[in-house]
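Trainee: Got a structure here, written out as structure tokens. Questions coming.
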Amino acid sequence: MPITQYRIKAVLFDFDGTLTQPGAIDFKAIKASLGCPAGRAILEFIHSLPSGAERRAAMEKLLRFEMAAAAESRPNDGAQEIVTWTKQQLLPVGIITRNSRDSVIRALKNFDKLGVDDFDVIITRDDPLAPKPSGEGIVWAAEQFQATPAQVLMVGDFIFDLQAGRAAGALTALVDPAAAPELQSLECDFRLQQLSALRPIIRGGMPLAAGKLPNDLLAPYLEALDIEDPSLLIHPGIGEDVAVIDRGGDDLIVLKSDPVTFSTDAIGRYAVAVNANDIATAGARPRWFLTTLLLPCGTTPSQAKTIMQQLSQNARRWGVTLCGGHTEITDAVCRPVVAGMMVGTVKRGNLIEKKNMAPGDAVLFTKGVAVEGTAIIAREFATRLLAGGITAQEINVGRSFLNHISILPEARLAAEDGRVSAMHDVTEGGLATALSELSVAGRHKISVEMENIPVLDQTRKFCGALGLNPLGLIGSGSLLICCPPDYCDGLIERLEKQSIAAAKIGKVMASGTGIEAWHQGRKARWPQFDTDEIARLYE
């Protein structure tokens, strides 16, 4: 049965035929020279010889063969890259082989990107450990890595590698590029044709960073969903803010669910705003709100009441009915978590879908990057800001950004004339992630003029003091709007009359996905963030 859940804390590689190209060492010639029967393993045959002199002579002969092969061996395709990448993930990497240490060291001299020092352990037959197929070496390596054998991935190309892994209780991966018939019946956890295929396997066993599940991991799951309900008009997808249901009649039902996990002192306000924001990006009106409150042990009744009052007051502020939910004290969380579900409605002809964005559309951006992140930092990390040279007055200004995390006013205004082709609010992962999500959902590339992206003074100062990139900082309160170029200037003027700053930061390009960034007329790198910058402050 294929393994479905696992954890990887270290990776061990076989050497010959795995990290080196197969065929460098001629085992048939070695056996013939030693008089070893075809069906017998070489090391075991040598150890069975009756006298010490015979065993020493046979080992010397074996070593000569190995050293000659090592001099001619070359890295296997993708071997150096996968070892380097694995180390970049801060995972220990080792070699476990039946070869001699001298032959491994000699072969590694033919690697141009790796050397002996790149491996945390190198286990050979010269070590006082039983060689593969015994699992003794893997168990010993796991101890060095402060892992259990079950958290070690054993990668090899031969039956002994898999037998050793299974004997130790480790995960096993068979590298079988030619789909050799003699290997098809071998039991292993993973079977791959090339070493590069190890990346998703290793990543699948590594801890996820705090924040949203990365889009590249989420996308395959969403694409595989078998949705046959014809009443679901907008299906789950990267960058899709809402689900839309057609139940007949003039109004469509718009659904959104989003938790708030970062902020604590005004978490109720955030919860209402971020859920209502997504409803508004579809041109809809948020109507009903349900919440689940998960509160850590030690929470007082007054603290719970404050959060519930925030939810009630802010729902009322935006014309939303707080109609139910659940509240629980649990040791499953270490700070308050509010998971909200917002329901809204929109007239059938007024639904705004991202698929309608078109080449040439202008991309507008309201307010500035990281409005929400700036407020959270001011409210949760004032001490660190003060230590970084930020004044108390500047921190108070940042705290007031909480008053601007709703995009309902600009979304309603933008949707009035029916000419906006798409809207997307900026949330976790900041503007960098939001633009990428908009591109994916809208199925068009987007060109961005980075010098036109507005960064508010408080945001710039806070991020500078804490070493954060504002483009990757959580940003509820800012709205991305796609509209025809002839509508752009008029919309900006109307927004500014309502005291809502807006700037044109780019345009929609041809079909496809991705961000094309420019700065002062030169091609620039568009940043990507595996986790929101705010998460670094909570580590």
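Chain identifiers are assigned as A, B, and so on, following the order in which chains appear in the structure tokens; residues are numbered from 1 within each chain, and ligands are numbered from 1 in order of appearance.
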Can you tell me, as a count of residues only, what residues are no more than 8 Å from Gly211 (chain A) when counting only C-alpha atoms, ignoring any on the same chain fewer than 2 positions away?
Mentor: 6
Trainee: Among the residues of region 165-354 of chain A, find those DSSP assigns to alpha helix (DSSP H) from the backbone and print them as a VMD selection string.
Mentor: chain A and resid 165 to 168 198 to 204 215 to 224 267 to 281 301 to 317
Trainee: Could you work out how far CA of Phe190 (chain A) lies from CA of Gly135 (chain A), giving the answer in Å with one decimal?
Mentor: 18.1 Å
Trainee: Nearest to Trp140 (chain A): which of A:Ile123, A:Ile42, A:Leu491, A:Leu63 is it, counting only C-alpha atoms?
Mentor: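 When distances to Trp140 (chain A) are compared using only C-alpha atoms, the smallest one comes from A:Ile123.
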Trainee: Taking only C-alpha atoms into account, which of A:Ile267, A:Met342, A:Ile376, A:Leu208 comes nearest Ala243 (chain A)?
Mentor: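 Comparing A:Ile267, A:Met342, A:Ile376, A:Leu208 against Ala243 (chain A), the winner is A:Met342.
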Trainee: Got a sec: who's within 12 Å of Ala142 (chain A), counting only C-alpha atoms, leaving out chain neighbours fewer than 4 positions off, as a PyMOL selection string?
Mentor: chain A and resi 8-12+92-94+96+120-121+135-138+146-154+165+168-171
Trainee: Write a file of the selected residues as a PDB file, in the first residue's frame, keeping C-alpha atoms.
Mentor:
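To be explicit, this is the file written out as selection_30.pdb:
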```pdb
ATOM      1  CA  ILE A   8      11.690  13.285   6.553  1.00  0.00           C
ATOM      2  CA  LYS A   9      14.502  14.619   8.739  1.00  0.00           C
ATOM      3  CA  ALA A  10      17.488  13.251   6.817  1.00  0.00           C
ATOM      4  CA  VAL A  11      18.379  11.625   3.490  1.00  0.00           C
ATOM      5  CA  LEU A  12      20.880   8.812   2.901  1.00  0.00           C
ATOM      6  CA  PRO A  92      21.306  16.314   6.852  1.00  0.00           C
ATOM      7  CA  VAL A  93      22.616  14.311   3.888  1.00  0.00           C
ATOM      8  CA  GLY A  94      24.755  11.168   3.984  1.00  0.00           C
ATOM      9  CA  ILE A  96      25.937   4.696   2.837  1.00  0.00           C
ATOM     10  CA  ASP A 120      27.195  14.911   7.098  1.00  0.00           C
ATOM     11  CA  VAL A 121      28.082  11.216   7.265  1.00  0.00           C
ATOM     12  CA  GLY A 135      20.006  -1.755   8.493  1.00  0.00           C
ATOM     13  CA  GLU A 136      22.665  -1.139  11.148  1.00  0.00           C
ATOM     14  CA  GLY A 137      24.314   1.750   9.275  1.00  0.00           C
ATOM     15  CA  ILE A 138      20.987   3.517   8.730  1.00  0.00           C
ATOM     16  CA  GLN A 146      18.787  13.111  15.951  1.00  0.00           C
ATOM     17  CA  ALA A 147      16.021  11.406  14.015  1.00  0.00           C
ATOM     18  CA  THR A 148      14.239   8.101  14.188  1.00  0.00           C
ATOM     19  CA  PRO A 149      14.968   5.590  11.394  1.00  0.00           C
ATOM     20  CA  ALA A 150      11.393   6.127  10.174  1.00  0.00           C
ATOM     21  CA  GLN A 151      12.316   9.774   9.497  1.00  0.00           C
ATOM     22  CA  VAL A 152      15.268   8.855   7.259  1.00  0.00           C
ATOM     23  CA  LEU A 153      14.848   8.448   3.495  1.00  0.00           C
ATOM     24  CA  MET A 154      17.129   5.752   2.027  1.00  0.00           C
ATOM     25  CA  GLY A 165      16.079   0.587   4.561  1.00  0.00           C
ATOM     26  CA  ALA A 168      16.049  -0.238   9.741  1.00  0.00           C
ATOM     27  CA  GLY A 169      12.438   0.891   9.426  1.00  0.00           C
ATOM     28  CA  ALA A 170      13.392   3.778   7.115  1.00  0.00           C
ATOM     29  CA  LEU A 171      11.572   5.212   4.114  1.00  0.00           C
TER      30      LEU A 171
END
```
Trainee: Compare A:Pro133, A:Gly17, A:Pro181, A:Gly325 by their minimum atom-to-atom distance to Phe160 (chain A), counting only C-alpha atoms, and give me the closest one.
Mentor: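 Ranking A:Pro133, A:Gly17, A:Pro181, A:Gly325 by distance to Phe160 (chain A), first place goes to A:Pro133.
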Trainee: List the spatial neighbours of region 500-503 of chain A as an NGL selection string - criterion: any atom at most 6 Å away, only C-alpha atoms, same-chain residues fewer than 6 positions off excluded.
Mentor: :A and (364-367 or 492)
Trainee: Would you save the residues from that selection as a PDB file, in the first residue's frame, using N, CA and C atoms?
Mentor:
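Output (part_8.pdb):
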```pdb
ATOM      1  N   LEU A 364      -4.981  48.612 -11.297  1.00  0.00           N
ATOM      2  CA  LEU A 364      -4.926  49.667 -10.282  1.00  0.00           C
ATOM      3  C   LEU A 364      -4.716  49.040  -8.903  1.00  0.00           C
ATOM      4  N   PHE A 365      -4.179  49.843  -8.007  1.00  0.00           N
ATOM      5  CA  PHE A 365      -3.899  49.382  -6.647  1.00  0.00           C
ATOM      6  C   PHE A 365      -4.269  50.493  -5.685  1.00  0.00           C
ATOM      7  N   THR A 366      -5.103  50.181  -4.682  1.00  0.00           N
ATOM      8  CA  THR A 366      -5.579  51.223  -3.778  1.00  0.00           C
ATOM      9  C   THR A 366      -4.726  51.294  -2.507  1.00  0.00           C
ATOM     10  N   LYS A 367      -4.687  52.487  -1.942  1.00  0.00           N
ATOM     11  CA  LYS A 367      -4.005  52.797  -0.670  1.00  0.00           C
ATOM     12  C   LYS A 367      -2.504  52.556  -0.775  1.00  0.00           C
ATOM     13  N   ILE A 492      -9.772  56.319 -11.030  1.00  0.00           N
ATOM     14  CA  ILE A 492      -8.836  56.847 -10.033  1.00  0.00           C
ATOM     15  C   ILE A 492      -9.349  58.166  -9.473  1.00  0.00           C
TER      16      ILE A 492
END
```
Trainee: Using only C-alpha atoms, which of A:Ser73, A:Ser185, A:Thr4, A:Gln80 sits nearest Gly204 (chain A)?
Mentor: A:Thr4
Trainee: Find the spatial neighbours of region 275-285 of chain A, counting only C-alpha atoms, within a cut-off of 9 Å - ignore same-chain residues fewer than 2 positions away - and output them as a ChimeraX atom specification.
Mentor: /A:241-242,244,252-259,270-273,287,289,318-320,340-347,350-354,405-408,411-412,414-416,422-425,476-477,479,481
Trainee: Report, in Å with one decimal, the straight-line distance from CA of Ile515 (chain A) to CA of His444 (chain A).
Mentor: 9.3 Å
Trainee: Neighbouring residues of region 508-511 of chain A were defined as those with any atom within 9 Å, considering only C-alpha atoms; residues of the same chain fewer than 3 positions away were excluded. Please report them as a tab-separated table (two decimals) with N, CA and C atoms, in the first residue's frame.
Mentor:
```
chain	number	residue	atom	x	y	z
A	357	MET	N	-10.81	39.40	-17.12
A	357	MET	CA	-9.73	40.34	-17.38
A	357	MET	C	-9.19	40.08	-18.79
A	358	ALA	N	-8.74	41.16	-19.45
A	358	ALA	CA	-8.36	41.05	-20.86
A	358	ALA	C	-7.05	41.79	-21.11
A	359	PRO	N	-6.30	41.39	-22.15
A	359	PRO	CA	-5.06	42.09	-22.49
A	359	PRO	C	-5.30	43.58	-22.69
A	360	GLY	N	-4.42	44.37	-22.12
A	360	GLY	CA	-4.53	45.83	-22.22
A	360	GLY	C	-5.21	46.46	-21.03
A	361	ASP	N	-5.94	45.67	-20.23
A	361	ASP	CA	-6.58	46.23	-19.03
A	361	ASP	C	-5.54	46.85	-18.12
A	362	ALA	N	-5.88	47.99	-17.54
A	362	ALA	CA	-5.01	48.61	-16.55
A	362	ALA	C	-5.17	47.86	-15.22
A	363	VAL	N	-4.09	47.81	-14.44
A	363	VAL	CA	-4.14	47.22	-13.10
A	363	VAL	C	-3.93	48.35	-12.10
A	439	SER	N	-3.02	36.75	-11.50
A	439	SER	CA	-2.60	36.26	-12.80
A	439	SER	C	-3.07	34.84	-13.06
A	442	GLY	N	-6.96	34.80	-13.33
A	442	GLY	CA	-7.39	35.49	-14.55
A	442	GLY	C	-6.81	34.91	-15.81
A	443	ARG	N	-5.82	34.00	-15.67
A	443	ARG	CA	-5.21	33.29	-16.81
A	443	ARG	C	-4.54	34.24	-17.79
A	444	HIS	N	-3.99	35.32	-17.25
A	444	HIS	CA	-3.23	36.26	-18.07
A	444	HIS	C	-1.98	36.70	-17.33
A	445	LYS	N	-0.94	36.97	-18.06
A	445	LYS	CA	0.26	37.53	-17.48
A	445	LYS	C	0.00	38.99	-17.12
A	446	ILE	N	0.77	39.49	-16.16
A	446	ILE	CA	0.60	40.87	-15.71
A	446	ILE	C	1.97	41.54	-15.70
A	447	SER	N	2.03	42.73	-16.28
A	447	SER	CA	3.25	43.54	-16.26
A	447	SER	C	3.12	44.59	-15.16
A	448	VAL	N	4.17	44.74	-14.36
A	448	VAL	CA	4.13	45.64	-13.21
A	448	VAL	C	5.27	46.65	-13.30
A	482	CYS	N	-8.78	45.52	-12.09
A	482	CYS	CA	-8.48	45.49	-13.52
A	482	CYS	C	-9.64	46.14	-14.26
```
Trainee: Grab the CA of Glu328 (chain A) to CA of Val274 (chain A) distance for me, in Å with one decimal place.
Mentor: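 CA of Val274 (chain A) lies 21.5 Å from CA of Glu328 (chain A).
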Trainee: With only C-alpha atoms as the atoms that count, which of A:Thr18, A:Gln313, A:Thr330, A:Gln528 lies nearest to Ser196 (chain A)?
Mentor: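 The shortest atom-to-atom distance to Ser196 (chain A) comes from A:Thr18.
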Trainee: Which is closer to His235 (chain A) than all the others in A:Leu186, A:Leu222, A:Leu290, A:Ala266, using only C-alpha atoms?
Mentor: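 That would be A:Leu222, the residue with the smallest distance to His235 (chain A).
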Trainee: Which polymer residues have any atom within 8 Å of an atom of Leu402 (chain A), counting only C-alpha atoms, with same-chain residues fewer than 5 positions away left out, as a list in words?
Mentor: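 The neighbour list is Val371, Glu372, Ala375 and Ile376 of chain A.
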